[in-house]
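Written out below as structure tokens is the structure these notes cover.
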Amino acid sequence: MTTIWTHEIFCIPAVLQGLQEIQATGYEDWDVILHKTGQVSQRVRQLFIPTVARPGALLDKEHPRTVCPQCGTVKHEAHMQGVLPIKRDALLPNTDFMLTHEWFGSGYFAWREIIVSNRIAQLVLDKGWQGIRFKVVAVV
């Protein structure tokens with residue numbers, strides 16, 4: 001699971017074991033601290049993605065966007081359907097997890113999309129992991 005505005009993923013240790021088996025890259029495995037006890041969770045881990053792709057999401061001029069008046073960040077309306085085209089040279093080679101350079105959403109409710117390699121998508125399908133939704137990205 002993930003909280004949309006922080007781009008971290010929370011998963012069970014079996015997911016991290018699967019990622020280690022295929023030597024996945026582009027993520028960090030972080031402890032999850034239980035608020036009431038201050039102890040490290042034994043059931044949930046945080047999958048943090050520090051890698052950000054270069055600019056390259058090909059959103060047409062018709063795709064609505066706003067500019068934050070405080071920081072100047074361009075935020076695109078959420079990409080909800082269809083294929084998201086991204087330039088090949090925006091993606092970092094040999095990296096299984098990365099975030100889009102572009103922000104989606106508006107105001108405080110904005111996020112970078114998480115991009116995963118075909119290897120990760122195939123791992124998820126092979127293992128039958130539940131609760132994961134994929135969008136199609138066209139690399140052009």
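Chain labels run A, B, ... following the order of the structure tokens; each chain numbers its residues from 1, and ligands are numbered from 1 in the order shown.
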
> Quick one: DSSP helix (DSSP H, G or I) residues in chain A, as an NGL selection string?
Replying inline: :A and (13-21 or 88-90 or 118-127)

Those same residues - C-alpha atoms - I'd like them written as a PDB file, in the first residue's frame.
```pdb
ATOM      1  CA  PRO A  13       8.813  -8.787   4.229  1.00  0.00           C
ATOM      2  CA  ALA A  14       7.967 -11.411   1.560  1.00  0.00           C
ATOM      3  CA  VAL A  15       7.822  -8.612  -1.024  1.00  0.00           C
ATOM      4  CA  LEU A  16      11.311  -7.447  -0.100  1.00  0.00           C
ATOM      5  CA  GLN A  17      12.525 -11.039  -0.267  1.00  0.00           C
ATOM      6  CA  GLY A  18      11.156 -11.284  -3.819  1.00  0.00           C
ATOM      7  CA  LEU A  19      12.880  -8.026  -4.772  1.00  0.00           C
ATOM      8  CA  GLN A  20      16.154  -9.294  -3.330  1.00  0.00           C
ATOM      9  CA  GLU A  21      15.829 -12.567  -5.247  1.00  0.00           C
ATOM     10  CA  ARG A  88      13.234   6.779 -23.252  1.00  0.00           C
ATOM     11  CA  ASP A  89      16.091   9.093 -22.262  1.00  0.00           C
ATOM     12  CA  ALA A  90      14.131  10.247 -19.179  1.00  0.00           C
ATOM     13  CA  ASN A 118       8.940  -4.897 -16.599  1.00  0.00           C
ATOM     14  CA  ARG A 119      10.963  -7.130 -14.240  1.00  0.00           C
ATOM     15  CA  ILE A 120       9.029  -5.773 -11.244  1.00  0.00           C
ATOM     16  CA  ALA A 121       5.672  -6.072 -13.000  1.00  0.00           C
ATOM     17  CA  GLN A 122       6.472  -9.675 -13.947  1.00  0.00           C
ATOM     18  CA  LEU A 123       7.563 -10.463 -10.370  1.00  0.00           C
ATOM     19  CA  VAL A 124       4.257  -9.126  -9.027  1.00  0.00           C
ATOM     20  CA  LEU A 125       2.293 -11.207 -11.526  1.00  0.00           C
ATOM     21  CA  ASP A 126       4.363 -14.357 -10.942  1.00  0.00           C
ATOM     22  CA  LYS A 127       3.993 -14.103  -7.152  1.00  0.00           C
TER      23      LYS A 127
END
```

>> If DSSP is run on the backbone, what residues of region 42-98 of chain A are strand (DSSP E)? A reply as a VMD selection string would be ideal.
In response: chain A and resid 45 to 48 65 to 67 74 to 76 84 to 86 97 to 98

Mind dumping the selected residues with C-alpha atoms as a PDB file, in the first residue's frame?
```pdb
ATOM      1  CA  ARG A  45       8.444  -2.581   5.852  1.00  0.00           C
ATOM      2  CA  GLN A  46       8.729   0.701   3.972  1.00  0.00           C
ATOM      3  CA  LEU A  47       9.921   0.607   0.389  1.00  0.00           C
ATOM      4  CA  PHE A  48      11.345   4.089  -0.227  1.00  0.00           C
ATOM      5  CA  ARG A  65      -1.660  21.947 -15.354  1.00  0.00           C
ATOM      6  CA  THR A  66      -1.144  24.531 -12.661  1.00  0.00           C
ATOM      7  CA  VAL A  67       1.898  26.366 -11.355  1.00  0.00           C
ATOM      8  CA  VAL A  74       4.301  22.698 -12.425  1.00  0.00           C
ATOM      9  CA  LYS A  75       1.653  20.211 -11.346  1.00  0.00           C
ATOM     10  CA  HIS A  76      -0.187  18.253 -14.022  1.00  0.00           C
ATOM     11  CA  LEU A  84       1.350   7.664 -20.180  1.00  0.00           C
ATOM     12  CA  PRO A  85       4.060   8.321 -22.795  1.00  0.00           C
ATOM     13  CA  ILE A  86       7.568   8.944 -21.458  1.00  0.00           C
ATOM     14  CA  PHE A  97      12.010   1.698  -9.390  1.00  0.00           C
ATOM     15  CA  MET A  98      11.933   5.440 -10.011  1.00  0.00           C
TER      16      MET A  98
END
```

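Remark: for Phe109 (chain A), the closest of the candidate residues A:Glu77, A:Gly38, A:Gly82, A:Trp129 is A:Glu77 (distances computed over only C-alpha atoms).
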
> Using only C-alpha atoms, which residue out of A:Ile12, A:Ile132, A:Ile115, A:Ala53 lies closest to Asp31 (chain A)?
Replying inline: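 Distance minimum relative to Asp31 (chain A) lands on A:Ile12.
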
> What separation in Å, quoted to one decimal, exists between CA of Ala78 (chain A) and CA of Asn94 (chain A)?
Replying inline: 27.0 Å
